[in-house]
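Okay, protein.cif now, which holds mmCIF, C-alpha atoms:
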```cif
data_entry
#
loop_
_atom_site.group_PDB
_atom_site.id
_atom_site.type_symbol
_atom_site.label_atom_id
_atom_site.label_comp_id
_atom_site.auth_asym_id
_atom_site.auth_seq_id
_atom_site.Cartn_x
_atom_site.Cartn_y
_atom_site.Cartn_z
ATOM 1 C CA LEU H 1 47.271 174.055 91.815
ATOM 2 C CA ARG H 2 44.404 172.785 93.934
ATOM 3 C CA VAL H 3 43.316 169.155 94.183
ATOM 4 C CA PRO H 4 40.321 167.745 96.086
ATOM 5 C CA ARG H 5 40.946 165.783 99.253
ATOM 6 C CA SER H 6 39.470 162.307 99.407
ATOM 7 C CA SER H 7 38.090 162.761 102.915
ATOM 8 C CA SER H 8 36.242 166.068 102.416
ATOM 9 C CA SER H 9 34.893 168.428 99.780
ATOM 10 C CA SER H 10 37.145 171.343 100.765
ATOM 11 C CA PHE H 11 40.251 172.352 98.875
ATOM 12 C CA GLU H 12 43.773 173.036 100.040
ATOM 13 C CA PRO H 13 46.942 174.140 98.235
ATOM 14 C CA CYS H 14 49.136 171.329 96.905
ATOM 15 C CA ASP H 15 52.846 171.461 96.201
ATOM 16 C CA TYR H 16 53.624 170.785 92.532
ATOM 17 C CA HIS H 17 56.917 169.068 93.424
ATOM 18 C CA THR H 18 55.128 166.606 95.739
ATOM 19 C CA THR H 19 52.531 165.816 93.102
ATOM 20 C CA HIS H 20 55.207 165.280 90.460
ATOM 21 C CA THR H 21 57.117 162.940 92.808
ATOM 22 C CA ASN H 22 54.000 160.878 93.493
ATOM 23 C CA MET H 23 53.322 160.584 89.781
ATOM 24 C CA ALA H 24 56.890 159.400 89.188
ATOM 25 C CA SER H 25 56.558 156.835 91.991
ATOM 26 C CA THR H 26 53.315 155.555 90.473
ATOM 27 C CA ALA H 27 55.001 155.205 87.074
ATOM 28 C CA SER H 28 57.883 153.308 88.676
ATOM 29 C CA LEU H 29 55.473 150.920 90.377
ATOM 30 C CA ARG H 30 53.682 150.336 87.097
ATOM 31 C CA THR H 31 57.026 149.521 85.463
ATOM 32 C CA VAL H 32 57.856 147.043 88.235
ATOM 33 C CA PHE H 33 54.463 145.362 87.912
ATOM 34 C CA ALA H 34 54.828 145.202 84.131
ATOM 35 C CA ARG H 35 58.232 143.553 84.409
ATOM 36 C CA SER H 36 56.862 141.142 86.998
ATOM 37 C CA ALA H 37 54.040 140.279 84.628
ATOM 38 C CA LEU H 38 56.532 139.654 81.838
ATOM 39 C CA LEU H 39 58.537 137.422 84.137
ATOM 40 C CA THR H 40 55.450 135.503 85.213
ATOM 41 C CA SER H 41 54.152 135.154 81.666
ATOM 42 C CA SER H 42 57.445 133.608 80.583
ATOM 43 C CA ALA H 43 56.993 130.758 83.056
ATOM 44 C CA LEU H 44 55.390 128.483 80.490
ATOM 45 C CA ALA H 45 56.362 124.874 79.976
ATOM 46 C CA PHE H 46 55.019 121.847 78.191
ATOM 47 C CA ASN H 47 54.152 118.675 80.027
ATOM 48 C CA ALA H 48 54.510 115.123 78.749
ATOM 49 C CA ASN H 49 51.261 115.444 76.782
ATOM 50 C CA GLY H 50 52.412 118.582 74.991
ATOM 51 C CA ASN H 51 49.974 120.859 76.820
ATOM 52 C CA ALA H 52 51.101 124.267 78.060
ATOM 53 C CA GLU H 53 51.412 124.677 81.824
ATOM 54 C CA ARG H 54 51.913 127.926 83.741
ATOM 55 C CA LYS H 55 54.216 128.168 86.735
ATOM 56 C CA GLU H 56 53.369 131.053 89.034
ATOM 57 C CA THR H 57 56.291 133.193 90.175
ATOM 58 C CA LYS H 58 56.365 135.839 92.886
ATOM 59 C CA ALA H 59 57.533 139.348 92.038
ATOM 60 C CA SER H 60 60.169 139.038 94.779
ATOM 61 C CA ASP H 61 61.817 136.044 93.119
ATOM 62 C CA ASP H 62 64.883 136.569 90.970
ATOM 63 C CA CYS H 63 64.070 133.672 88.639
ATOM 64 C CA VAL H 64 61.213 131.525 87.388
ATOM 65 C CA HIS H 65 60.706 128.279 89.276
ATOM 66 C CA ALA H 66 61.030 125.202 87.101
ATOM 67 C CA PRO H 67 57.671 123.532 86.413
ATOM 68 C CA HIS H 68 57.211 119.951 87.504
ATOM 69 C CA HIS H 69 57.497 117.282 84.820
ATOM 70 C CA HIS H 70 56.358 113.697 85.166
ATOM 71 C CA TRP H 71 59.474 111.572 84.734
ATOM 72 C CA ASN H 72 59.195 107.856 84.113
ATOM 73 C CA HIS H 73 61.694 106.846 86.796
ATOM 74 C CA THR H 74 60.290 108.873 89.689
ATOM 75 C CA GLY H 75 57.600 106.339 90.634
ATOM 76 C CA SER H 76 57.858 104.276 93.788
ATOM 77 C CA LEU H 77 58.748 101.129 91.846
ATOM 78 C CA SER H 78 60.074 102.721 88.644
ATOM 79 C CA SER H 79 63.659 102.427 87.426
ATOM 80 C CA PHE H 80 65.813 104.467 85.097
ATOM 81 C CA ASP H 81 65.233 104.128 81.378
ATOM 82 C CA CYS H 82 68.573 102.669 80.277
ATOM 83 C CA ALA H 83 68.007 103.858 76.701
ATOM 84 C CA ALA H 84 67.530 107.438 77.952
ATOM 85 C CA VAL H 85 70.622 107.163 80.181
ATOM 86 C CA ARG H 86 72.662 105.917 77.207
ATOM 87 C CA ARG H 87 71.429 108.739 74.979
ATOM 88 C CA GLY H 88 72.090 111.235 77.757
ATOM 89 C CA PHE H 89 75.645 109.958 78.116
ATOM 90 C CA GLN H 90 76.110 110.474 74.382
ATOM 91 C CA VAL H 91 74.840 114.072 74.664
ATOM 92 C CA TYR H 92 77.168 114.673 77.593
ATOM 93 C CA ARG H 93 80.228 113.304 75.738
ATOM 94 C CA GLN H 94 79.556 115.215 72.528
ATOM 95 C CA VAL H 95 78.197 118.484 73.948
ATOM 96 C CA CYS H 96 78.527 119.008 77.687
ATOM 97 C CA ALA H 97 81.968 117.449 78.197
ATOM 98 C CA THR H 98 83.640 120.312 76.314
ATOM 99 C CA CYS H 99 83.126 122.517 79.394
ATOM 100 C CA HIS H 100 81.734 120.435 82.265
ATOM 101 C CA SER H 101 83.100 117.451 84.157
ATOM 102 C CA VAL H 102 81.599 114.581 86.152
ATOM 103 C CA GLU H 103 84.474 113.847 88.487
ATOM 104 C CA LEU H 104 82.607 111.302 90.626
ATOM 105 C CA VAL H 105 81.804 108.935 87.744
ATOM 106 C CA CYS H 106 84.302 106.327 86.529
ATOM 107 C CA TRP H 107 84.137 104.297 83.361
ATOM 108 C CA ARG H 108 83.429 101.163 85.386
ATOM 109 C CA ASN H 109 80.279 102.758 86.845
ATOM 110 C CA LEU H 110 78.797 102.815 83.345
ATOM 111 C CA VAL H 111 79.274 99.075 82.730
ATOM 112 C CA ASN H 112 75.917 97.459 81.845
ATOM 113 C CA VAL H 113 74.214 100.809 82.445
ATOM 114 C CA THR H 114 74.975 102.651 79.219
ATOM 115 C CA HIS H 115 77.314 100.247 77.377
ATOM 116 C CA PRO H 116 78.774 96.751 77.708
ATOM 117 C CA GLU H 117 82.166 96.347 79.359
ATOM 118 C CA LEU H 118 84.127 95.835 76.129
ATOM 119 C CA GLU H 119 82.741 99.009 74.545
ATOM 120 C CA LEU H 120 83.564 101.059 77.625
ATOM 121 C CA LYS H 121 87.103 99.639 77.672
ATOM 122 C CA ALA H 122 87.551 100.804 74.099
ATOM 123 C CA MET H 123 86.177 104.259 74.961
ATOM 124 C CA ALA H 124 88.480 104.560 77.970
ATOM 125 C CA GLU H 125 91.536 103.560 75.945
ATOM 126 C CA GLU H 126 90.893 106.437 73.541
ATOM 127 C CA VAL H 127 91.676 108.899 76.349
ATOM 128 C CA GLU H 128 95.222 109.591 77.545
ATOM 129 C CA TYR H 129 95.701 109.864 81.315
ATOM 130 C CA VAL H 130 98.734 111.241 83.138
ATOM 131 C CA ASP H 131 100.135 108.639 85.538
ATOM 132 C CA GLY H 132 103.291 108.068 87.471
ATOM 133 C CA PRO H 133 105.869 108.624 88.563
ATOM 134 C CA ASN H 134 107.736 105.784 86.868
ATOM 135 C CA ASP H 135 111.012 104.218 87.990
ATOM 136 C CA GLU H 136 112.850 107.321 86.815
ATOM 137 C CA GLY H 137 110.581 109.661 88.758
ATOM 138 C CA GLU H 138 108.835 111.095 85.702
ATOM 139 C CA MET H 139 105.151 111.321 84.862
ATOM 140 C CA PHE H 140 103.933 109.551 81.744
ATOM 141 C CA ASP H 141 100.820 109.211 79.604
ATOM 142 C CA ARG H 142 98.931 105.939 79.376
ATOM 143 C CA PRO H 143 95.667 104.760 77.827
ATOM 144 C CA GLY H 144 92.662 104.952 80.090
ATOM 145 C CA LYS H 145 91.137 102.006 81.886
ATOM 146 C CA LEU H 146 87.803 101.295 83.540
ATOM 147 C CA ALA H 147 89.000 102.410 86.965
ATOM 148 C CA ASP H 148 89.761 105.940 85.717
ATOM 149 C CA PRO H 149 87.221 108.760 86.145
ATOM 150 C CA LEU H 150 85.703 110.378 83.095
ATOM 151 C CA PRO H 151 88.148 112.919 81.651
ATOM 152 C CA LYS H 152 88.036 116.583 82.671
ATOM 153 C CA PRO H 153 87.766 119.294 80.021
ATOM 154 C CA TYR H 154 90.433 121.444 81.751
ATOM 155 C CA ALA H 155 93.619 120.625 83.623
ATOM 156 C CA ASN H 156 92.664 122.835 86.594
ATOM 157 C CA ASP H 157 90.155 125.462 87.708
ATOM 158 C CA GLU H 158 92.305 128.359 86.543
ATOM 159 C CA ALA H 159 92.382 126.974 83.008
ATOM 160 C CA GLY H 160 88.601 126.577 83.105
ATOM 161 C CA ARG H 161 88.102 130.198 84.163
ATOM 162 C CA ALA H 162 90.544 131.474 81.575
ATOM 163 C CA ALA H 163 88.702 129.636 78.806
ATOM 164 C CA ASN H 164 85.257 130.893 79.860
ATOM 165 C CA GLY H 165 85.783 134.563 80.577
ATOM 166 C CA GLY H 166 86.346 134.112 84.297
ATOM 167 C CA ALA H 167 83.350 131.821 84.930
ATOM 168 C CA LEU H 168 84.197 128.280 86.023
ATOM 169 C CA PRO H 169 81.811 125.655 84.579
ATOM 170 C CA PRO H 170 80.583 123.608 87.556
ATOM 171 C CA ASP H 171 81.011 119.877 87.933
ATOM 172 C CA LEU H 172 77.783 118.058 87.056
ATOM 173 C CA SER H 173 78.197 114.922 89.161
ATOM 174 C CA LEU H 174 75.733 116.057 91.854
ATOM 175 C CA MET H 175 74.035 118.948 90.047
ATOM 176 C CA VAL H 176 70.595 117.348 90.231
ATOM 177 C CA LYS H 177 70.907 117.070 94.026
ATOM 178 C CA ALA H 178 72.506 120.498 94.408
ATOM 179 C CA ARG H 179 69.527 122.423 92.986
ATOM 180 C CA HIS H 180 65.955 122.717 94.180
ATOM 181 C CA SER H 181 63.777 120.462 91.990
ATOM 182 C CA GLY H 182 67.067 119.524 90.367
ATOM 183 C CA LEU H 183 65.800 117.320 87.557
ATOM 184 C CA ASP H 184 63.144 119.818 86.497
ATOM 185 C CA TYR H 185 65.615 122.669 86.946
ATOM 186 C CA VAL H 186 68.224 121.139 84.612
ATOM 187 C CA PHE H 187 65.639 120.414 81.917
ATOM 188 C CA SER H 188 64.067 123.880 82.178
ATOM 189 C CA LEU H 189 67.445 125.583 82.140
ATOM 190 C CA LEU H 190 68.529 123.791 78.955
ATOM 191 C CA THR H 191 65.280 124.566 77.146
ATOM 192 C CA GLY H 192 64.522 127.976 78.675
ATOM 193 C CA TYR H 193 66.759 130.311 76.659
ATOM 194 C CA CYS H 194 64.792 133.179 75.141
ATOM 195 C CA ASP H 195 64.988 136.894 74.380
ATOM 196 C CA ALA H 196 65.192 139.202 77.371
ATOM 197 C CA PRO H 197 61.957 141.045 78.199
ATOM 198 C CA ALA H 198 61.608 144.734 77.467
ATOM 199 C CA GLY H 199 63.524 146.862 79.902
ATOM 200 C CA LYS H 200 66.044 144.211 80.959
ATOM 201 C CA VAL H 201 69.538 145.053 79.736
ATOM 202 C CA MET H 202 71.841 142.048 79.315
ATOM 203 C CA PRO H 203 75.562 142.610 79.932
ATOM 204 C CA ALA H 204 77.982 141.614 77.216
ATOM 205 C CA GLY H 205 78.740 137.909 77.170
ATOM 206 C CA LEU H 206 75.623 136.918 79.151
ATOM 207 C CA TYR H 207 72.439 135.243 77.919
ATOM 208 C CA TYR H 208 68.911 135.549 79.237
ATOM 209 C CA ASN H 209 67.416 132.479 80.883
ATOM 210 C CA PRO H 210 64.456 133.032 83.230
ATOM 211 C CA TYR H 211 65.191 129.826 85.160
ATOM 212 C CA PHE H 212 68.705 130.902 86.155
ATOM 213 C CA PRO H 213 69.012 133.043 89.312
ATOM 214 C CA GLY H 214 69.185 136.654 88.169
ATOM 215 C CA GLY H 215 68.193 135.722 84.620
ATOM 216 C CA ALA H 216 71.719 136.239 83.210
ATOM 217 C CA ILE H 217 73.889 133.193 82.543
ATOM 218 C CA SER H 218 77.312 133.065 80.944
ATOM 219 C CA MET H 219 76.679 129.695 79.241
ATOM 220 C CA PRO H 220 75.334 130.138 75.704
ATOM 221 C CA PRO H 221 72.462 127.902 74.577
ATOM 222 C CA PRO H 222 74.193 124.509 74.470
ATOM 223 C CA LEU H 223 71.656 122.528 72.425
ATOM 224 C CA MET H 224 70.241 122.831 68.936
ATOM 225 C CA ASP H 225 68.166 120.490 66.812
ATOM 226 C CA GLY H 226 70.183 117.733 65.144
ATOM 227 C CA GLN H 227 73.313 118.495 67.142
ATOM 228 C CA VAL H 228 73.957 114.794 67.807
ATOM 229 C CA GLU H 229 73.006 111.662 65.923
ATOM 230 C CA TYR H 230 71.479 109.088 68.238
ATOM 231 C CA GLU H 231 72.554 105.509 67.707
ATOM 232 C CA ASP H 232 68.982 104.231 68.060
ATOM 233 C CA GLY H 233 67.584 106.680 65.507
ATOM 234 C CA THR H 234 65.696 108.874 67.991
ATOM 235 C CA PRO H 235 65.154 112.408 66.583
ATOM 236 C CA ALA H 236 67.678 114.677 68.292
ATOM 237 C CA THR H 237 65.467 117.655 69.095
ATOM 238 C CA VAL H 238 66.418 120.174 71.771
ATOM 239 C CA THR H 239 63.699 118.871 74.078
ATOM 240 C CA GLN H 240 64.733 115.246 73.543
ATOM 241 C CA MET H 241 68.420 115.937 74.185
ATOM 242 C CA ALA H 242 67.621 118.030 77.263
ATOM 243 C CA LYS H 243 65.432 115.255 78.612
ATOM 244 C CA ASP H 244 68.048 112.556 77.999
ATOM 245 C CA VAL H 245 70.972 114.461 79.492
ATOM 246 C CA SER H 246 68.802 115.383 82.497
ATOM 247 C CA VAL H 247 68.074 111.700 83.098
ATOM 248 C CA PHE H 248 71.783 110.898 82.747
ATOM 249 C CA LEU H 249 72.731 113.586 85.280
ATOM 250 C CA ASN H 250 70.050 112.243 87.615
ATOM 251 C CA TRP H 251 71.720 108.843 87.335
ATOM 252 C CA THR H 252 75.178 110.314 88.039
ATOM 253 C CA ALA H 253 73.777 111.900 91.213
ATOM 254 C CA GLU H 254 71.982 108.705 92.275
ATOM 255 C CA PRO H 255 73.626 105.639 90.711
ATOM 256 C CA GLU H 256 72.138 103.522 93.514
ATOM 257 C CA HIS H 257 68.605 104.632 92.573
ATOM 258 C CA ASP H 258 67.346 101.353 91.112
ATOM 259 C CA GLU H 259 69.046 99.150 93.694
ATOM 260 C CA ARG H 260 67.698 101.302 96.537
ATOM 261 C CA LYS H 261 64.116 100.931 95.335
ATOM 262 C CA LYS H 262 64.565 97.207 94.794
ATOM 263 C CA ASN H 263 65.988 96.690 98.291
ATOM 264 C CA GLY H 264 63.308 98.926 99.786
ATOM 265 C CA PHE H 265 60.538 96.880 98.172
ATOM 266 C CA GLN H 266 62.108 93.649 99.410
ATOM 267 C CA ASN H 267 62.395 95.065 102.917
ATOM 268 C CA LEU H 268 58.761 96.143 102.897
ATOM 269 C CA VAL H 269 57.670 92.654 101.814
ATOM 270 C CA CYS H 270 59.741 91.076 104.595
ATOM 271 C CA MET H 271 58.401 93.538 107.167
ATOM 272 C CA ALA H 272 54.834 92.814 106.083
ATOM 273 C CA PHE H 273 55.453 89.047 106.399
ATOM 274 C CA PHE H 274 56.955 89.402 109.861
ATOM 275 C CA ALA H 275 54.127 91.732 110.929
ATOM 276 C CA ILE H 276 51.546 89.125 109.916
ATOM 277 C CA ALA H 277 53.541 86.355 111.630
ATOM 278 C CA ALA H 278 53.889 88.439 114.789
ATOM 279 C CA GLY H 279 50.163 89.179 114.837
ATOM 280 C CA TYR H 280 49.291 85.518 114.390
ATOM 281 C CA LEU H 281 51.739 84.448 117.112
ATOM 282 C CA LYS H 282 50.362 87.055 119.488
ATOM 283 C CA ARG H 283 46.798 85.854 118.958
ATOM 284 C CA ALA H 284 47.861 82.218 119.355
ATOM 285 C CA ARG H 285 49.793 82.902 122.556
ATOM 286 C CA TRP H 286 47.120 85.048 124.172
ATOM 287 C CA SER H 287 44.107 83.088 122.976
ATOM 288 C CA THR H 288 44.198 80.792 126.043
ATOM 289 C CA TYR H 289 44.213 83.780 128.386
ATOM 290 C CA LYS H 290 41.440 85.624 126.556
ATOM 291 C CA THR H 291 39.065 82.630 126.369
ATOM 292 C CA ARG H 292 39.540 81.175 129.844
ATOM 293 C CA ALA H 293 36.940 81.651 132.559
ATOM 294 C CA ILE H 294 38.025 82.364 136.118
ATOM 295 C CA SER H 295 35.652 81.440 138.925
ATOM 296 C CA TYR H 296 36.163 82.577 142.487
ATOM 297 C CA VAL H 297 34.793 80.305 145.260
ATOM 298 C CA LYS H 298 34.956 80.514 148.976
#
```

Can you dump the structure from the file as structure tokens?
Amino acid sequence: LRVPRSSSSSFEPCDYHTTHTNMASTASLRTVFARSALLTSSALAFNANGNAERKETKASDDCVHAPHHHWNHTGSLSSFDCAAVRRGFQVYRQVCATCHSVELVCWRNLVNVTHPELELKAMAEEVEYVDGPNDEGEMFDRPGKLADPLPKPYANDEAGRAANGGALPPDLSLMVKARHSGLDYVFSLLTGYCDAPAGKVMPAGLYYNPYFPGGAISMPPPLMDGQVEYEDGTPATVTQMAKDVSVFLNWTAEPEHDERKKNGFQNLVCMAFFAIAAGYLKRARWSTYKTRAISYVK
């Protein structure tokens, strides 16, 4: 077999094995580029206006980066939507709480955020907590109270792993802060389940999600249309529930969010007032020195 060289018109013998290896390498590269294209093409999301947006992903990445969404509470002077936080808490209690916990949130933290105090007291009393020891040195069960944390789905980590095939569902208290672009990541993860692209083999018990590192996640799709019935009559679509529970988890990670912005605005107003007062005082104090005339005589 003779092939022409690119640098000259002469011919030289070519090894068939070398040519076959190069062809196989080229086919492998084409397969890699095709899979990368499939991965990049799956990075589609819908913004608040319902328009499709594309998020570019590098071939070296092991997941699709979550696209940015415009949330109502992320403005400089914007606060959490209490209705969305309440709906998100309902989604967490009825869906997410079966596997995940929020250990850093107590019932009292939710007072006047999601529900009034009396309603939260009634919710807490529905849960039995282990307390003690009593005077006889024994542990006992008692109704919950506002000072108790939200209940855990499992007694310990070993029980959580045993119930989920060896994978421990993480605590969601700080999940939004623990992930890059956490709020967008949580929303994209909940709504990003789809069929695996051609050529990607999914192990048994794992589900394809392009936003999860590696693309294989042990959590099945947690949301489906009409899974919960909102108290305010909002249609419980997958996107709506994912948005609400994402806002709730953002609140659990930053419960001081609204107060921090309020205090920051007040501090900026005070600093601006003192800056103006300091400038006026400086001009008043130095005006006599700047306007005086000094004459030197012998």

Inset, instruction - Pick out the residues sitting within 10 Å of range 219-233 of chain H, and hand them over as a PyMOL selection string; count all atoms listed in the file, and ignore anything fewer than 2 positions along from it in its own chain. - result: chain H and resi 83+86-88+90-91+94-96+99+164+167+169+189-194+205-209+216-217+235-242

Legend entry - Selected residue of minimal separation from Met123 in chain H among H:Asp148, H:Glu136, H:Asp141, H:Glu254, counting all atoms listed in the file: H:Asp148

Inset, instruction - Give me, please, the distance in Å between CA of Lys200 in chain H and CA of Arg161 in chain H, quoted to one decimal. - result: 26.3 Å

Residues returned when the PyMOL selection byres ((chain H and resi 69) around 7) runs on this file, as a PDB file with C-alpha atoms, keeping the file's coordinate frame:
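Written output follows (expr-v5.pdb):
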```
ATOM      1  CA  ASN H  47      54.152 118.675  80.027  1.00  0.00           C
ATOM      2  CA  PRO H  67      57.671 123.532  86.413  1.00  0.00           C
ATOM      3  CA  HIS H  68      57.211 119.951  87.504  1.00  0.00           C
ATOM      4  CA  HIS H  70      56.358 113.697  85.166  1.00  0.00           C
ATOM      5  CA  TRP H  71      59.474 111.572  84.734  1.00  0.00           C
ATOM      6  CA  ASP H 184      63.144 119.818  86.497  1.00  0.00           C
TER       7      ASP H 184
END
```

Inset, instruction - Given the file shown, enumerate the residues that the PyMOL selection byres ((chain H and resi 248) around 12) captures and present them as a PyMOL selection string. - result: chain H and resi 73+80-93+96+102+105+110+113-114+172-176+183+186-187+241-247+249-255

Inset, instruction - Kindly give the distance, in Å, that separates CA of Glu103 in chain H and CA of Asp171 in chain H, rounded to a single decimal. - result: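 If I compute the distance from CA of Glu103 in chain H to CA of Asp171 in chain H, I get 7.0 Å.
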
Padding 8 Å on each side, edges along x, y and z: where is the centre of the box around the listed atoms of range 82-95 of chain H, and how long are its edges in Å to one decimal? Output it as lines of an AutoDock Vina configuration file.
```
center_x = 73.9
center_y = 110.6
center_z = 76.4
size_x = 28.7
size_y = 31.8
size_z = 23.7
```

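Of the residues under consideration (H:Leu77, H:Ala147, H:Ala198, H:Met271), H:Ala147 shows the shortest atom-to-atom contact distance to Glu117 in chain H when counting all atoms listed in the file.
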
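Nearest to Glu125 in chain H of all the residues H:Val111, H:Ile294, H:Leu150, H:Ala284 is H:Leu150, based on only C-alpha atoms.
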
Inset, instruction - Give me, please, the distance in Å between CA of Trp107 in chain H and CA of Glu259 in chain H, quoted to one decimal. - result: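 Answer for the CA of Trp107 in chain H to CA of Glu259 in chain H separation: 19.0 Å.
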
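Minimum distance to Gly214 in chain H across H:Ala178, H:Val130, H:Val64, H:Ala272 (counting all atoms listed in the file) occurs at H:Val64.
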
Legend entry - Hits of the PyMOL selection byres ((chain H and resi 144) around 8) in this structure, as a PyMOL selection string: chain H and resi 124-129+142-143+145-146+148
